[in-house]
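K.L.:
Below is one structure. I have some questions about it.
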Amino acid sequence: MNTGILALALDIAVGAVSLALLLCAWRLLRGPQPVDRVLAVDTLYLNVVALVVLLGIRLQTALLFEAALIVAMLGFVSTVALARYLTRGDVVE
């Protein structure tokens with residue numbers, strides 16, 4: 001386990017990213033337009049990636065970094081699919 005200033009910084013960062021996750025979830029649920037909801041989903045997955053990386057540093061395991069890469073790839077694909085759906089009305093032509 002990390003000790004000292006690094007542990008404190010990681011705890012503060014996890015708290016800040018968790019707060020950002022809650023705010024993004026609120027925007028996802030309350031977004032007045034579909035574009036706001038797509039941006040909330042995009043920001044939500046970026047915050048999840050940040051949280052997984054921070055937890056990987058905190059727990060000192062490399063497995064969580066691979067999980068963060070998978071979440072990032074899936075989030076990118078889902079954002080592109082949602083953006084195409086909103087602009088064209090379909091995902092695949």
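Simple scheme: letters A, B, ... for chains in structure tokens order, numbers from 1 for residues in each chain, numbers from 1 for ligands in the order shown.
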Find the residues near region 53-58 of chain A: any atom within 9 Å, counting only C-alpha atoms, skip ones fewer than 6 places away on the same chain, and give them as a ChimeraX atom specification.
P.N.:
/A:1-2,6-7,10-11,13-14,64-65,67-68
K.L.:
Could you jot down the CA of Ile70 (chain A) to CA of Val49 (chain A) separation for me, Å, one decimal place?
P.N.:
9.0 Å
K.L.:
Nearest residue to Cys24 (chain A) out of A:Leu51, A:Ala9, A:Asp42, A:Val92, using only C-alpha atoms?
P.N.:
A:Asp42
K.L.:
As a PyMOL selection string, please: the residues near Ala25 (chain A) (cut-off 9 Å, only C-alpha atoms, same-chain neighbours under 6 positions excluded).
P.N.:
chain A and resi 40-41+44
K.L.:
Produce a file of the selected residues containing N, CA and C atoms, as a tab-separated table (two decimals), in the first residue's frame.
P.N.:
```
chain	number	residue	atom	x	y	z
A	40	ALA	N	-22.55	13.78	-22.04
A	40	ALA	CA	-22.47	13.25	-20.67
A	40	ALA	C	-21.94	11.83	-20.68
A	41	VAL	N	-22.38	11.01	-21.64
A	41	VAL	CA	-21.88	9.63	-21.74
A	41	VAL	C	-20.39	9.64	-22.06
A	44	LEU	N	-18.59	10.65	-19.02
A	44	LEU	CA	-18.74	9.61	-18.02
A	44	LEU	C	-17.73	8.49	-18.23
```
K.L.:
Find the residues near Tyr45 (chain A): any atom within 9 Å, counting only C-alpha atoms, skip ones fewer than 4 places away on the same chain, and give them as a PDB file with N, CA and C atoms, in the first residue's frame.
P.N.:
```
ATOM      1  N   LEU A  21     -18.111  11.933 -11.672  1.00  0.00           N
ATOM      2  CA  LEU A  21     -18.993  10.867 -12.146  1.00  0.00           C
ATOM      3  C   LEU A  21     -20.447  11.142 -11.767  1.00  0.00           C
ATOM      4  N   ALA A  40     -22.546  13.783 -22.036  1.00  0.00           N
ATOM      5  CA  ALA A  40     -22.466  13.251 -20.674  1.00  0.00           C
ATOM      6  C   ALA A  40     -21.935  11.827 -20.682  1.00  0.00           C
ATOM      7  N   VAL A  41     -22.380  11.007 -21.643  1.00  0.00           N
ATOM      8  CA  VAL A  41     -21.876   9.634 -21.738  1.00  0.00           C
ATOM      9  C   VAL A  41     -20.386   9.640 -22.055  1.00  0.00           C
ATOM     10  N   VAL A  49     -12.521   5.769 -16.862  1.00  0.00           N
ATOM     11  CA  VAL A  49     -11.134   5.417 -17.190  1.00  0.00           C
ATOM     12  C   VAL A  49     -10.183   6.034 -16.166  1.00  0.00           C
ATOM     13  N   ALA A  50     -10.395   7.295 -15.830  1.00  0.00           N
ATOM     14  CA  ALA A  50      -9.533   7.950 -14.840  1.00  0.00           C
ATOM     15  C   ALA A  50      -9.635   7.266 -13.482  1.00  0.00           C
ATOM     16  N   VAL A  71     -12.159  -0.150 -21.430  1.00  0.00           N
ATOM     17  CA  VAL A  71     -13.244   0.815 -21.214  1.00  0.00           C
ATOM     18  C   VAL A  71     -13.092   2.003 -22.160  1.00  0.00           C
ATOM     19  N   ALA A  72     -11.867   2.461 -22.377  1.00  0.00           N
ATOM     20  CA  ALA A  72     -11.629   3.586 -23.284  1.00  0.00           C
ATOM     21  C   ALA A  72     -12.016   3.235 -24.718  1.00  0.00           C
ATOM     22  N   LEU A  74     -14.180   0.873 -25.744  1.00  0.00           N
ATOM     23  CA  LEU A  74     -15.633   0.723 -25.826  1.00  0.00           C
ATOM     24  C   LEU A  74     -16.342   2.069 -25.741  1.00  0.00           C
ATOM     25  N   GLY A  75     -15.836   2.954 -24.915  1.00  0.00           N
ATOM     26  CA  GLY A  75     -16.429   4.280 -24.805  1.00  0.00           C
ATOM     27  C   GLY A  75     -16.294   5.078 -26.083  1.00  0.00           C
ATOM     28  N   PHE A  76     -15.140   4.985 -26.733  1.00  0.00           N
ATOM     29  CA  PHE A  76     -14.945   5.692 -27.997  1.00  0.00           C
ATOM     30  C   PHE A  76     -15.909   5.187 -29.059  1.00  0.00           C
TER      31      PHE A  76
END
```
K.L.:
Within chain A, find each residue whose DSSP state, derived from the backbone, is alpha helix (DSSP H), and express the selection as a PDB file with C-alpha atoms, in the first residue's frame.
P.N.:
```pdb
ATOM      1  CA  ILE A   5       1.705  12.177   0.235  1.00  0.00           C
ATOM      2  CA  LEU A   6       1.011   9.853  -2.706  1.00  0.00           C
ATOM      3  CA  ALA A   7      -1.761   8.073  -0.812  1.00  0.00           C
ATOM      4  CA  LEU A   8      -3.310  11.397   0.171  1.00  0.00           C
ATOM      5  CA  ALA A   9      -3.129  12.691  -3.405  1.00  0.00           C
ATOM      6  CA  LEU A  10      -4.695   9.482  -4.733  1.00  0.00           C
ATOM      7  CA  ASP A  11      -7.511   9.675  -2.178  1.00  0.00           C
ATOM      8  CA  ILE A  12      -8.265  13.279  -3.120  1.00  0.00           C
ATOM      9  CA  ALA A  13      -8.146  12.428  -6.835  1.00  0.00           C
ATOM     10  CA  VAL A  14     -10.508   9.469  -6.389  1.00  0.00           C
ATOM     11  CA  GLY A  15     -12.918  11.724  -4.515  1.00  0.00           C
ATOM     12  CA  ALA A  16     -12.782  14.395  -7.222  1.00  0.00           C
ATOM     13  CA  VAL A  17     -13.312  11.894 -10.031  1.00  0.00           C
ATOM     14  CA  SER A  18     -16.181  10.288  -8.106  1.00  0.00           C
ATOM     15  CA  LEU A  19     -17.824  13.698  -7.768  1.00  0.00           C
ATOM     16  CA  ALA A  20     -17.349  14.246 -11.506  1.00  0.00           C
ATOM     17  CA  LEU A  21     -18.993  10.867 -12.146  1.00  0.00           C
ATOM     18  CA  LEU A  22     -22.028  11.896 -10.113  1.00  0.00           C
ATOM     19  CA  LEU A  23     -22.321  15.211 -11.939  1.00  0.00           C
ATOM     20  CA  CYS A  24     -22.070  13.479 -15.322  1.00  0.00           C
ATOM     21  CA  ALA A  25     -24.732  10.981 -14.306  1.00  0.00           C
ATOM     22  CA  TRP A  26     -26.968  13.869 -13.294  1.00  0.00           C
ATOM     23  CA  ARG A  27     -26.443  15.519 -16.700  1.00  0.00           C
ATOM     24  CA  LEU A  28     -27.151  12.201 -18.404  1.00  0.00           C
ATOM     25  CA  LEU A  29     -30.481  11.879 -16.630  1.00  0.00           C
ATOM     26  CA  ARG A  30     -31.505  15.541 -16.801  1.00  0.00           C
ATOM     27  CA  PRO A  34     -29.916  14.302 -26.833  1.00  0.00           C
ATOM     28  CA  VAL A  35     -26.622  16.043 -27.627  1.00  0.00           C
ATOM     29  CA  ASP A  36     -26.203  16.885 -23.933  1.00  0.00           C
ATOM     30  CA  ARG A  37     -26.730  13.240 -23.072  1.00  0.00           C
ATOM     31  CA  VAL A  38     -24.144  12.061 -25.609  1.00  0.00           C
ATOM     32  CA  LEU A  39     -21.600  14.485 -24.163  1.00  0.00           C
ATOM     33  CA  ALA A  40     -22.466  13.251 -20.674  1.00  0.00           C
ATOM     34  CA  VAL A  41     -21.876   9.634 -21.738  1.00  0.00           C
ATOM     35  CA  ASP A  42     -18.562  10.627 -23.319  1.00  0.00           C
ATOM     36  CA  THR A  43     -17.427  12.424 -20.182  1.00  0.00           C
ATOM     37  CA  LEU A  44     -18.745   9.605 -18.018  1.00  0.00           C
ATOM     38  CA  TYR A  45     -16.592   6.985 -19.670  1.00  0.00           C
ATOM     39  CA  LEU A  46     -13.540   9.262 -19.502  1.00  0.00           C
ATOM     40  CA  ASN A  47     -14.123   9.628 -15.769  1.00  0.00           C
ATOM     41  CA  VAL A  48     -14.468   5.857 -15.424  1.00  0.00           C
ATOM     42  CA  VAL A  49     -11.134   5.417 -17.190  1.00  0.00           C
ATOM     43  CA  ALA A  50      -9.533   7.950 -14.840  1.00  0.00           C
ATOM     44  CA  LEU A  51     -11.031   6.227 -11.802  1.00  0.00           C
ATOM     45  CA  VAL A  52      -9.809   2.795 -12.905  1.00  0.00           C
ATOM     46  CA  VAL A  53      -6.298   4.145 -13.530  1.00  0.00           C
ATOM     47  CA  LEU A  54      -6.243   5.832 -10.115  1.00  0.00           C
ATOM     48  CA  LEU A  55      -7.367   2.634  -8.450  1.00  0.00           C
ATOM     49  CA  GLY A  56      -4.705   0.734 -10.400  1.00  0.00           C
ATOM     50  CA  ILE A  57      -2.057   3.061  -9.017  1.00  0.00           C
ATOM     51  CA  ARG A  58      -3.517   2.838  -5.515  1.00  0.00           C
ATOM     52  CA  LEU A  59      -3.737  -0.965  -5.511  1.00  0.00           C
ATOM     53  CA  LEU A  63      -4.685  -5.602 -14.462  1.00  0.00           C
ATOM     54  CA  LEU A  64      -6.669  -2.419 -13.906  1.00  0.00           C
ATOM     55  CA  PHE A  65      -4.653  -0.586 -16.556  1.00  0.00           C
ATOM     56  CA  GLU A  66      -5.735  -3.162 -19.129  1.00  0.00           C
ATOM     57  CA  ALA A  67      -9.320  -2.745 -17.957  1.00  0.00           C
ATOM     58  CA  ALA A  68      -8.972   1.021 -18.445  1.00  0.00           C
ATOM     59  CA  LEU A  69      -7.839   0.465 -22.037  1.00  0.00           C
ATOM     60  CA  ILE A  70     -10.863  -1.724 -22.737  1.00  0.00           C
ATOM     61  CA  VAL A  71     -13.244   0.815 -21.214  1.00  0.00           C
ATOM     62  CA  ALA A  72     -11.629   3.586 -23.284  1.00  0.00           C
ATOM     63  CA  MET A  73     -12.021   1.639 -26.527  1.00  0.00           C
ATOM     64  CA  LEU A  74     -15.633   0.723 -25.826  1.00  0.00           C
ATOM     65  CA  GLY A  75     -16.429   4.280 -24.805  1.00  0.00           C
ATOM     66  CA  PHE A  76     -14.945   5.692 -27.997  1.00  0.00           C
ATOM     67  CA  VAL A  77     -16.921   3.297 -30.171  1.00  0.00           C
ATOM     68  CA  SER A  78     -20.153   4.021 -28.311  1.00  0.00           C
ATOM     69  CA  THR A  79     -19.655   7.780 -28.619  1.00  0.00           C
ATOM     70  CA  VAL A  80     -19.046   7.515 -32.353  1.00  0.00           C
ATOM     71  CA  ALA A  81     -22.110   5.283 -32.771  1.00  0.00           C
ATOM     72  CA  LEU A  82     -24.339   7.659 -30.796  1.00  0.00           C
ATOM     73  CA  ALA A  83     -23.057  10.682 -32.718  1.00  0.00           C
ATOM     74  CA  ARG A  84     -23.718   8.960 -36.053  1.00  0.00           C
ATOM     75  CA  TYR A  85     -27.179   7.971 -34.911  1.00  0.00           C
ATOM     76  CA  LEU A  86     -28.033  11.522 -33.895  1.00  0.00           C
ATOM     77  CA  THR A  87     -26.689  13.101 -37.083  1.00  0.00           C
ATOM     78  CA  ARG A  88     -27.848  10.548 -39.678  1.00  0.00           C
TER      79      ARG A  88
END
```
